[in-house]
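Novice: You'll find data37.tsv just under this line, and it carries TSV, N, CA and C atoms.
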chain	number	residue	atom	x	y	z
A	1243	GLU	N	-18.04	0.65	8.93
A	1243	GLU	CA	-16.59	0.67	8.86
A	1243	GLU	C	-16.13	-0.24	7.72
A	1244	VAL	N	-15.18	0.28	6.92
A	1244	VAL	CA	-14.69	-0.47	5.78
A	1244	VAL	C	-13.44	-1.24	6.17
A	1245	HIS	N	-13.37	-2.49	5.79
A	1245	HIS	CA	-12.21	-3.33	6.07
A	1245	HIS	C	-11.58	-3.76	4.76
A	1246	LEU	N	-10.26	-3.74	4.75
A	1246	LEU	CA	-9.50	-4.22	3.61
A	1246	LEU	C	-8.80	-5.52	4.01
A	1247	THR	N	-8.42	-6.30	3.02
A	1247	THR	CA	-7.81	-7.60	3.30
A	1247	THR	C	-6.54	-7.75	2.49
A	1248	GLU	N	-5.38	-7.86	3.17
A	1248	GLU	CA	-4.11	-8.04	2.49
A	1248	GLU	C	-3.75	-9.53	2.43
A	1249	SER	N	-2.89	-9.83	1.47
A	1249	SER	CA	-2.31	-11.17	1.38
A	1249	SER	C	-1.00	-11.07	0.63
A	1250	GLY	N	-0.21	-12.15	0.68
A	1250	GLY	CA	1.00	-12.21	-0.12
A	1250	GLY	C	2.30	-12.02	0.62
A	1251	GLY	N	2.24	-11.73	1.92
A	1251	GLY	CA	3.48	-11.59	2.66
A	1251	GLY	C	4.20	-12.92	2.79
A	1252	GLY	N	5.42	-12.86	3.31
A	1252	GLY	CA	6.19	-14.08	3.49
A	1252	GLY	C	7.62	-13.78	3.84
A	1253	SER	N	8.45	-14.81	3.79
A	1253	SER	CA	9.86	-14.69	4.10
A	1253	SER	C	10.68	-14.95	2.85
A	1254	VAL	N	11.61	-14.06	2.56
A	1254	VAL	CA	12.48	-14.21	1.40
A	1254	VAL	C	13.90	-13.80	1.79
A	1255	GLN	N	14.85	-14.19	0.97
A	1255	GLN	CA	16.21	-13.73	1.15
A	1255	GLN	C	16.41	-12.40	0.45
A	1256	ALA	N	17.41	-11.68	0.88
A	1256	ALA	CA	17.73	-10.41	0.26
A	1256	ALA	C	17.91	-10.60	-1.25
A	1257	GLY	N	17.34	-9.66	-2.01
A	1257	GLY	CA	17.36	-9.75	-3.46
A	1257	GLY	C	16.15	-10.42	-4.05
A	1258	GLY	N	15.33	-11.02	-3.21
A	1258	GLY	CA	14.13	-11.71	-3.67
A	1258	GLY	C	12.98	-10.76	-3.93
A	1259	SER	N	11.85	-11.36	-4.32
A	1259	SER	CA	10.67	-10.58	-4.69
A	1259	SER	C	9.42	-11.13	-4.01
A	1260	LEU	N	8.47	-10.26	-3.80
A	1260	LEU	CA	7.15	-10.64	-3.28
A	1260	LEU	C	6.12	-9.72	-3.91
A	1261	ARG	N	4.88	-10.21	-3.98
A	1261	ARG	CA	3.78	-9.37	-4.41
A	1261	ARG	C	2.69	-9.40	-3.35
A	1262	LEU	N	2.36	-8.23	-2.87
A	1262	LEU	CA	1.27	-8.10	-1.91
A	1262	LEU	C	-0.01	-7.73	-2.64
A	1263	SER	N	-1.12	-8.24	-2.15
A	1263	SER	CA	-2.43	-7.93	-2.73
A	1263	SER	C	-3.34	-7.40	-1.63
A	1264	CYS	N	-4.28	-6.56	-2.04
A	1264	CYS	CA	-5.23	-6.00	-1.08
A	1264	CYS	C	-6.59	-5.91	-1.77
A	1265	ASN	N	-7.58	-6.53	-1.16
A	1265	ASN	CA	-8.93	-6.48	-1.71
A	1265	ASN	C	-9.60	-5.20	-1.22
A	1266	VAL	N	-10.01	-4.37	-2.17
A	1266	VAL	CA	-10.61	-3.07	-1.84
A	1266	VAL	C	-12.08	-3.08	-2.24
A	1267	PRO	N	-13.00	-2.78	-1.33
A	1267	PRO	CA	-14.43	-2.77	-1.67
A	1267	PRO	C	-14.73	-1.81	-2.81
A	1268	ALA	N	-15.64	-2.21	-3.67
A	1268	ALA	CA	-15.97	-1.41	-4.84
A	1268	ALA	C	-16.51	-0.04	-4.47
A	1269	ARG	N	-17.13	0.09	-3.32
A	1269	ARG	CA	-17.70	1.38	-2.95
A	1269	ARG	C	-16.62	2.44	-2.71
A	1270	ILE	N	-15.38	2.01	-2.52
A	1270	ILE	CA	-14.29	2.97	-2.38
A	1270	ILE	C	-13.80	3.41	-3.76
A	1271	THR	N	-13.74	2.49	-4.72
A	1271	THR	CA	-13.11	2.78	-6.00
A	1271	THR	C	-14.10	3.23	-7.08
A	1272	TYR	N	-15.35	3.49	-6.71
A	1272	TYR	CA	-16.32	3.86	-7.75
A	1272	TYR	C	-16.10	5.29	-8.24
A	1273	SER	N	-15.38	6.12	-7.45
A	1273	SER	CA	-15.18	7.52	-7.83
A	1273	SER	C	-13.73	7.90	-7.55
A	1274	LYS	N	-13.45	9.13	-7.22
A	1274	LYS	CA	-12.09	9.56	-6.90
A	1274	LYS	C	-11.68	8.97	-5.54
A	1275	TYR	N	-10.41	8.53	-5.45
A	1275	TYR	CA	-10.00	7.88	-4.21
A	1275	TYR	C	-8.48	7.82	-4.13
A	1276	CYS	N	-8.00	7.48	-2.98
A	1276	CYS	CA	-6.58	7.26	-2.74
A	1276	CYS	C	-6.41	5.90	-2.05
A	1277	LEU	N	-5.46	5.13	-2.56
A	1277	LEU	CA	-5.08	3.86	-1.95
A	1277	LEU	C	-3.58	3.89	-1.65
A	1278	ALA	N	-3.19	3.29	-0.55
A	1278	ALA	CA	-1.79	3.37	-0.16
A	1278	ALA	C	-1.33	2.10	0.54
A	1279	TRP	N	-0.04	1.91	0.53
A	1279	TRP	CA	0.61	0.86	1.31
A	1279	TRP	C	1.47	1.53	2.38
A	1280	PHE	N	1.33	1.07	3.60
A	1280	PHE	CA	2.15	1.50	4.73
A	1280	PHE	C	2.91	0.28	5.25
A	1281	ARG	N	3.93	0.55	6.04
A	1281	ARG	CA	4.62	-0.53	6.73
A	1281	ARG	C	5.04	-0.06	8.12
A	1282	GLN	N	5.16	-1.03	9.00
A	1282	GLN	CA	5.51	-0.72	10.38
A	1282	GLN	C	6.43	-1.80	10.92
A	1283	SER	N	7.58	-1.36	11.42
A	1283	SER	CA	8.54	-2.26	12.06
A	1283	SER	C	8.33	-2.18	13.57
A	1284	PRO	N	8.75	-3.21	14.31
A	1284	PRO	CA	8.56	-3.18	15.77
A	1284	PRO	C	9.19	-1.95	16.39
A	1285	GLY	N	8.42	-1.27	17.22
A	1285	GLY	CA	8.91	-0.10	17.92
A	1285	GLY	C	8.94	1.18	17.10
A	1286	LYS	N	8.44	1.11	15.87
A	1286	LYS	CA	8.46	2.28	15.00
A	1286	LYS	C	7.04	2.66	14.58
A	1287	GLY	N	6.91	3.82	14.01
A	1287	GLY	CA	5.62	4.28	13.53
A	1287	GLY	C	5.25	3.66	12.20
A	1288	ARG	N	4.02	3.92	11.78
A	1288	ARG	CA	3.53	3.40	10.51
A	1288	ARG	C	3.87	4.40	9.40
A	1289	ASP	N	4.70	3.97	8.45
A	1289	ASP	CA	5.19	4.86	7.40
A	1289	ASP	C	4.63	4.48	6.04
A	1290	VAL	N	4.34	5.50	5.24
A	1290	VAL	CA	3.85	5.24	3.89
A	1290	VAL	C	4.98	4.68	3.03
A	1291	VAL	N	4.63	3.74	2.18
A	1291	VAL	CA	5.58	3.13	1.24
A	1291	VAL	C	5.29	3.60	-0.17
A	1292	ALA	N	4.03	3.53	-0.56
A	1292	ALA	CA	3.61	3.90	-1.90
A	1292	ALA	C	2.12	4.22	-1.89
A	1293	SER	N	1.71	5.03	-2.86
A	1293	SER	CA	0.30	5.35	-2.94
A	1293	SER	C	-0.10	5.60	-4.38
A	1294	ILE	N	-1.40	5.48	-4.62
A	1294	ILE	CA	-1.96	5.77	-5.93
A	1294	ILE	C	-3.21	6.61	-5.72
A	1295	SER	N	-3.25	7.74	-6.44
A	1295	SER	CA	-4.36	8.67	-6.31
A	1295	SER	C	-5.10	8.75	-7.63
A	1296	ILE	N	-6.38	8.44	-7.59
A	1296	ILE	CA	-7.21	8.51	-8.78
A	1296	ILE	C	-8.11	9.72	-8.63
A	1297	GLY	N	-7.84	10.77	-9.43
A	1297	GLY	CA	-8.59	12.01	-9.29
A	1297	GLY	C	-9.46	12.34	-10.47
A	1298	GLY	N	-9.91	11.36	-11.19
A	1298	GLY	CA	-10.77	11.64	-12.33
A	1298	GLY	C	-9.97	11.55	-13.62
A	1299	ASP	N	-9.35	12.67	-14.01
A	1299	ASP	CA	-8.60	12.70	-15.26
A	1299	ASP	C	-7.14	12.29	-15.10
A	1300	SER	N	-6.68	12.15	-13.88
A	1300	SER	CA	-5.26	11.86	-13.68
A	1300	SER	C	-5.07	10.77	-12.63
A	1301	THR	N	-3.94	10.11	-12.76
A	1301	THR	CA	-3.52	9.11	-11.77
A	1301	THR	C	-2.13	9.49	-11.29
A	1302	ASP	N	-1.97	9.66	-10.01
A	1302	ASP	CA	-0.68	10.06	-9.45
A	1302	ASP	C	-0.13	8.96	-8.56
A	1303	TYR	N	1.14	8.69	-8.73
A	1303	TYR	CA	1.82	7.68	-7.94
A	1303	TYR	C	2.86	8.33	-7.04
A	1304	TYR	N	3.02	7.75	-5.88
A	1304	TYR	CA	4.06	8.22	-4.95
A	1304	TYR	C	4.79	7.01	-4.38
A	1305	TYR	N	6.11	7.16	-4.27
A	1305	TYR	CA	6.95	6.14	-3.62
A	1305	TYR	C	7.89	6.84	-2.66
A	1306	VAL	N	8.05	6.29	-1.49
A	1306	VAL	CA	9.07	6.79	-0.58
A	1306	VAL	C	10.44	6.48	-1.20
A	1307	GLY	N	11.40	7.35	-0.93
A	1307	GLY	CA	12.69	7.25	-1.61
A	1307	GLY	C	13.38	5.90	-1.48
A	1308	SER	N	13.25	5.27	-0.34
A	1308	SER	CA	13.98	4.02	-0.09
A	1308	SER	C	13.48	2.85	-0.92
A	1309	VAL	N	12.28	2.97	-1.52
A	1309	VAL	CA	11.75	1.86	-2.31
A	1309	VAL	C	11.61	2.21	-3.79
A	1310	ARG	N	11.86	3.48	-4.11
A	1310	ARG	CA	11.68	3.91	-5.50
A	1310	ARG	C	12.61	3.12	-6.41
A	1311	GLY	N	12.04	2.60	-7.50
A	1311	GLY	CA	12.81	1.77	-8.42
A	1311	GLY	C	12.78	0.29	-8.09
A	1312	ARG	N	12.33	-0.05	-6.89
A	1312	ARG	CA	12.24	-1.46	-6.48
A	1312	ARG	C	10.80	-1.92	-6.28
A	1313	PHE	N	9.94	-1.02	-5.86
A	1313	PHE	CA	8.54	-1.36	-5.60
A	1313	PHE	C	7.65	-0.70	-6.66
A	1314	THR	N	6.55	-1.37	-6.99
A	1314	THR	CA	5.58	-0.82	-7.93
A	1314	THR	C	4.17	-1.04	-7.38
A	1315	VAL	N	3.42	0.06	-7.30
A	1315	VAL	CA	2.03	-0.03	-6.85
A	1315	VAL	C	1.13	0.00	-8.08
A	1316	SER	N	0.10	-0.83	-8.06
A	1316	SER	CA	-0.83	-0.88	-9.19
A	1316	SER	C	-2.17	-1.38	-8.69
A	1317	GLN	N	-3.16	-1.29	-9.54
A	1317	GLN	CA	-4.48	-1.78	-9.17
A	1317	GLN	C	-5.17	-2.43	-10.36
A	1318	ASP	N	-6.05	-3.34	-10.05
A	1318	ASP	CA	-6.89	-3.99	-11.04
A	1318	ASP	C	-8.33	-3.72	-10.64
A	1319	ASN	N	-8.93	-2.74	-11.29
A	1319	ASN	CA	-10.28	-2.34	-10.91
A	1319	ASN	C	-11.29	-3.47	-11.11
A	1320	ALA	N	-11.06	-4.26	-12.14
A	1320	ALA	CA	-12.00	-5.35	-12.41
A	1320	ALA	C	-12.04	-6.34	-11.26
A	1321	LYS	N	-10.90	-6.46	-10.58
A	1321	LYS	CA	-10.82	-7.41	-9.46
A	1321	LYS	C	-10.85	-6.69	-8.12
A	1322	ASN	N	-11.03	-5.35	-8.16
A	1322	ASN	CA	-11.02	-4.57	-6.91
A	1322	ASN	C	-9.81	-4.90	-6.06
A	1323	THR	N	-8.65	-4.94	-6.69
A	1323	THR	CA	-7.43	-5.35	-6.00
A	1323	THR	C	-6.33	-4.33	-6.18
A	1324	LEU	N	-5.66	-4.03	-5.08
A	1324	LEU	CA	-4.48	-3.18	-5.07
A	1324	LEU	C	-3.26	-4.09	-4.89
A	1325	TYR	N	-2.20	-3.82	-5.65
A	1325	TYR	CA	-0.99	-4.64	-5.58
A	1325	TYR	C	0.21	-3.80	-5.16
A	1326	LEU	N	1.17	-4.48	-4.57
A	1326	LEU	CA	2.49	-3.90	-4.34
A	1326	LEU	C	3.51	-4.94	-4.76
A	1327	GLU	N	4.12	-4.71	-5.91
A	1327	GLU	CA	5.18	-5.58	-6.40
A	1327	GLU	C	6.50	-5.12	-5.79
A	1328	MET	N	7.18	-6.02	-5.09
A	1328	MET	CA	8.42	-5.67	-4.40
A	1328	MET	C	9.55	-6.54	-4.95
A	1329	SER	N	10.59	-5.90	-5.42
A	1329	SER	CA	11.73	-6.64	-5.94
A	1329	SER	C	13.01	-6.13	-5.29
A	1330	ASN	N	14.09	-6.90	-5.46
A	1330	ASN	CA	15.37	-6.56	-4.85
A	1330	ASN	C	15.17	-6.20	-3.37
A	1331	LEU	N	14.47	-7.05	-2.68
A	1331	LEU	CA	14.15	-6.77	-1.28
A	1331	LEU	C	15.39	-6.76	-0.42
A	1332	LYS	N	15.37	-5.91	0.60
A	1332	LYS	CA	16.48	-5.75	1.52
A	1332	LYS	C	16.02	-6.06	2.94
A	1333	PRO	N	16.94	-6.43	3.82
A	1333	PRO	CA	16.54	-6.71	5.21
A	1333	PRO	C	15.79	-5.55	5.86
A	1334	GLU	N	16.13	-4.33	5.47
A	1334	GLU	CA	15.45	-3.17	6.07
A	1334	GLU	C	14.01	-3.01	5.58
A	1335	ASP	N	13.59	-3.81	4.60
A	1335	ASP	CA	12.20	-3.82	4.17
A	1335	ASP	C	11.33	-4.68	5.08
A	1336	THR	N	11.96	-5.40	5.99
A	1336	THR	CA	11.20	-6.25	6.92
A	1336	THR	C	10.25	-5.40	7.75
A	1337	ALA	N	8.96	-5.75	7.70
A	1337	ALA	CA	7.94	-4.98	8.41
A	1337	ALA	C	6.59	-5.66	8.24
A	1338	LEU	N	5.63	-5.16	8.98
A	1338	LEU	CA	4.23	-5.52	8.77
A	1338	LEU	C	3.66	-4.50	7.78
A	1339	TYR	N	3.16	-5.00	6.67
A	1339	TYR	CA	2.67	-4.12	5.60
A	1339	TYR	C	1.15	-4.04	5.64
A	1340	TYR	N	0.65	-2.81	5.53
A	1340	TYR	CA	-0.79	-2.56	5.57
A	1340	TYR	C	-1.23	-1.86	4.29
A	1341	CYS	N	-2.39	-2.21	3.79
A	1341	CYS	CA	-3.00	-1.38	2.76
A	1341	CYS	C	-4.02	-0.47	3.43
A	1342	ALA	N	-4.22	0.70	2.83
A	1342	ALA	CA	-5.10	1.70	3.42
A	1342	ALA	C	-5.83	2.45	2.32
A	1343	ALA	N	-6.96	3.00	2.67
A	1343	ALA	CA	-7.76	3.74	1.70
A	1343	ALA	C	-8.36	4.97	2.34
A	1344	ARG	N	-8.50	6.00	1.51
A	1344	ARG	CA	-9.26	7.17	1.91
A	1344	ARG	C	-10.60	7.09	1.19
A	1345	SER	N	-11.67	6.98	1.94
A	1345	SER	CA	-12.99	6.91	1.32
A	1345	SER	C	-13.62	8.29	1.20
A	1346	THR	N	-12.91	9.33	1.70
A	1346	THR	CA	-13.48	10.67	1.72
A	1346	THR	C	-12.76	11.65	0.81
A	1347	GLY	N	-11.78	11.18	0.04
A	1347	GLY	CA	-11.07	12.09	-0.84
A	1347	GLY	C	-10.01	11.34	-1.63
A	1348	TYR	N	-9.48	11.98	-2.67
A	1348	TYR	CA	-8.51	11.30	-3.53
A	1348	TYR	C	-7.08	11.77	-3.33
A	1349	LEU	N	-6.86	12.83	-2.57
A	1349	LEU	CA	-5.48	13.24	-2.30
A	1349	LEU	C	-4.85	12.26	-1.32
A	1350	CYS	N	-3.62	11.86	-1.64
A	1350	CYS	CA	-2.92	10.92	-0.77
A	1350	CYS	C	-1.99	11.68	0.16
A	1351	TYR	N	-1.95	11.27	1.40
A	1351	TYR	CA	-1.10	11.90	2.40
A	1351	TYR	C	-0.15	10.86	2.97
A	1352	VAL	N	0.99	11.32	3.47
A	1352	VAL	CA	1.95	10.39	4.05
A	1352	VAL	C	1.56	9.99	5.47
A	1353	SER	N	0.74	10.80	6.12
A	1353	SER	CA	0.36	10.49	7.49
A	1353	SER	C	-0.79	9.51	7.52
A	1354	PRO	N	-0.69	8.47	8.33
A	1354	PRO	CA	-1.76	7.46	8.40
A	1354	PRO	C	-3.08	8.00	8.95
A	1355	GLN	N	-3.06	9.16	9.60
A	1355	GLN	CA	-4.27	9.68	10.23
A	1355	GLN	C	-5.35	10.06	9.21
A	1356	PHE	N	-4.96	10.22	7.95
A	1356	PHE	CA	-5.92	10.65	6.94
A	1356	PHE	C	-6.66	9.48	6.29
A	1357	TYR	N	-6.32	8.26	6.67
A	1357	TYR	CA	-6.90	7.08	6.05
A	1357	TYR	C	-7.92	6.45	7.00
A	1358	ASP	N	-9.07	6.10	6.45
A	1358	ASP	CA	-10.14	5.61	7.31
A	1358	ASP	C	-10.49	4.14	7.08
A	1359	ALA	N	-9.74	3.47	6.23
A	1359	ALA	CA	-9.96	2.04	6.02
A	1359	ALA	C	-8.60	1.36	5.99
A	1360	TRP	N	-8.47	0.28	6.74
A	1360	TRP	CA	-7.19	-0.41	6.88
A	1360	TRP	C	-7.38	-1.92	6.79
A	1361	GLY	N	-6.32	-2.57	6.34
A	1361	GLY	CA	-6.28	-4.02	6.42
A	1361	GLY	C	-5.66	-4.46	7.74
A	1362	GLN	N	-5.58	-5.76	7.92
A	1362	GLN	CA	-5.06	-6.30	9.18
A	1362	GLN	C	-3.54	-6.42	9.17
A	1363	GLY	N	-2.93	-6.26	8.01
A	1363	GLY	CA	-1.48	-6.33	7.91
A	1363	GLY	C	-1.00	-7.70	7.46
A	1364	THR	N	0.08	-7.71	6.70
A	1364	THR	CA	0.71	-8.94	6.27
A	1364	THR	C	2.22	-8.80	6.46
A	1365	GLN	N	2.84	-9.81	7.05
A	1365	GLN	CA	4.25	-9.73	7.43
A	1365	GLN	C	5.16	-10.02	6.25
A	1366	VAL	N	6.16	-9.17	6.09
A	1366	VAL	CA	7.23	-9.38	5.11
A	1366	VAL	C	8.54	-9.46	5.88
A	1367	THR	N	9.26	-10.56	5.72
A	1367	THR	CA	10.53	-10.74	6.40
A	1367	THR	C	11.61	-11.04	5.36
A	1368	VAL	N	12.67	-10.22	5.37
A	1368	VAL	CA	13.77	-10.37	4.42
A	1368	VAL	C	15.03	-10.70	5.20
A	1369	SER	N	15.60	-11.84	4.91
A	1369	SER	CA	16.81	-12.26	5.60
A	1369	SER	C	18.04	-11.90	4.77
A	1370	PRO	N	19.17	-11.64	5.44
A	1370	PRO	CA	20.39	-11.24	4.71
A	1370	PRO	C	20.87	-12.32	3.75
In structure tokens, how does this file's structure come out?

Specialist:
Amino acid sequence: EVHLTESGGGSVQAGGSLRLSCNVPARITYSKYCLAWFRQSPGKGRDVVASISIGGDSTDYYYVGSVRGRFTVSQDNAKNTLYLEMSNLKPEDTALYYCAARSTGYLCYVSPQFYDAWGQGTQVTVSP
């Protein structure tokens, strides 16, 4: 079983910024793959926030509408790290954020059921 490790969560005021990091094992990123960030608020399901799909000749990015223009997903292969840069944070961004990976394919899906590697989650709290 593959485990990912997130860091970088915290508490900020609305309009502030945070950067989340996720350590991804090299055995996932050696070929085609999908990496994603999800978030989950109390009493709600786990929703995709952003994803990056590496399919060989192309790299595809996806952002859910509510974060487009404010969040940026990126990776540093040399450091085996996935990032989520979050700016202009809003109280509704408050959630437990998870990084996830598909080790069996590079297409990214919005449903968490397609991901087989997860981190433990890092809390992001945005106050008004």

Novice: Can you list, as a PyMOL selection string, every residue of region 1273-1352 of chain A that DSSP puts in helix (DSSP H, G or I)?

Specialist: chain A and resi 1319-1321+1333-1335

Novice: Would you compute the distance between CA of Gln1365 (chain A) and CA of Gly1251 (chain A)? Give it in Å to one decimal.

Specialist: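 Computed distance, CA of Gln1365 (chain A) to CA of Gly1251 (chain A), equals 5.2 Å.
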
Novice: Within 8 Å of (-1.4, 1.2, 2.1), only N, CA and C atoms: residues as a VMD selection string?

Specialist: chain A and resid 1277 to 1281 1289 to 1294 1339 to 1343 1360 to 1361

Novice: Go through A:Val1254, A:Leu1262, A:Leu1246, A:Cys1350 and flag the residue nearest Glu1327 (chain A), using only N, CA and C atoms for the distances.

Specialist: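 The answer is A:Leu1262, which sits nearest to Glu1327 (chain A).
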
Novice: From the list A:Ser1273, A:Ser1259, A:Val1315, A:Asn1330, which residue is nearest Tyr1303 (chain A) when using all atoms listed in the file?

Specialist: A:Val1315

Novice: Which is closest to Thr1367 (chain A) among A:Gln1255, A:Asp1302, A:Val1244, A:Gly1311, if we use all atoms listed in the file?

Specialist: A:Gln1255

Novice: Please put the answer as JSON: centre and edge lengths, in Å with one decimal, of a box along x, y and z that encloses all listed atoms of region 1275-1290 of chain A plus 8 Å on each side.

Specialist:
{"center_x": -0.6, "center_y": 2.7, "center_z": 6.2, "size_x": 35.6, "size_y": 27.7, "size_z": 39.4}

Novice: Have a look at CA of Ser1308 (chain A) and CA of Gly1257 (chain A) and let me know their distance in Å, one decimal.

Specialist: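 For CA of Ser1308 (chain A) relative to CA of Gly1257 (chain A), the distance reads 14.6 Å.
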
Novice: Identify, with DSSP run on backbone atoms, the residues in chain A assigned to strand (DSSP E or B), and express the list as a PyMOL selection string.

Specialist: chain A and resi 1245+1247-1249+1252-1255+1260-1265+1275-1282+1288-1296+1301-1305+1313-1318+1323-1328+1337-1344+1359-1360+1364-1369

Novice: Could you jot down the CA of Lys1286 (chain A) to CA of Thr1346 (chain A) separation for me, Å, one decimal place?

Specialist: 27.0 Å
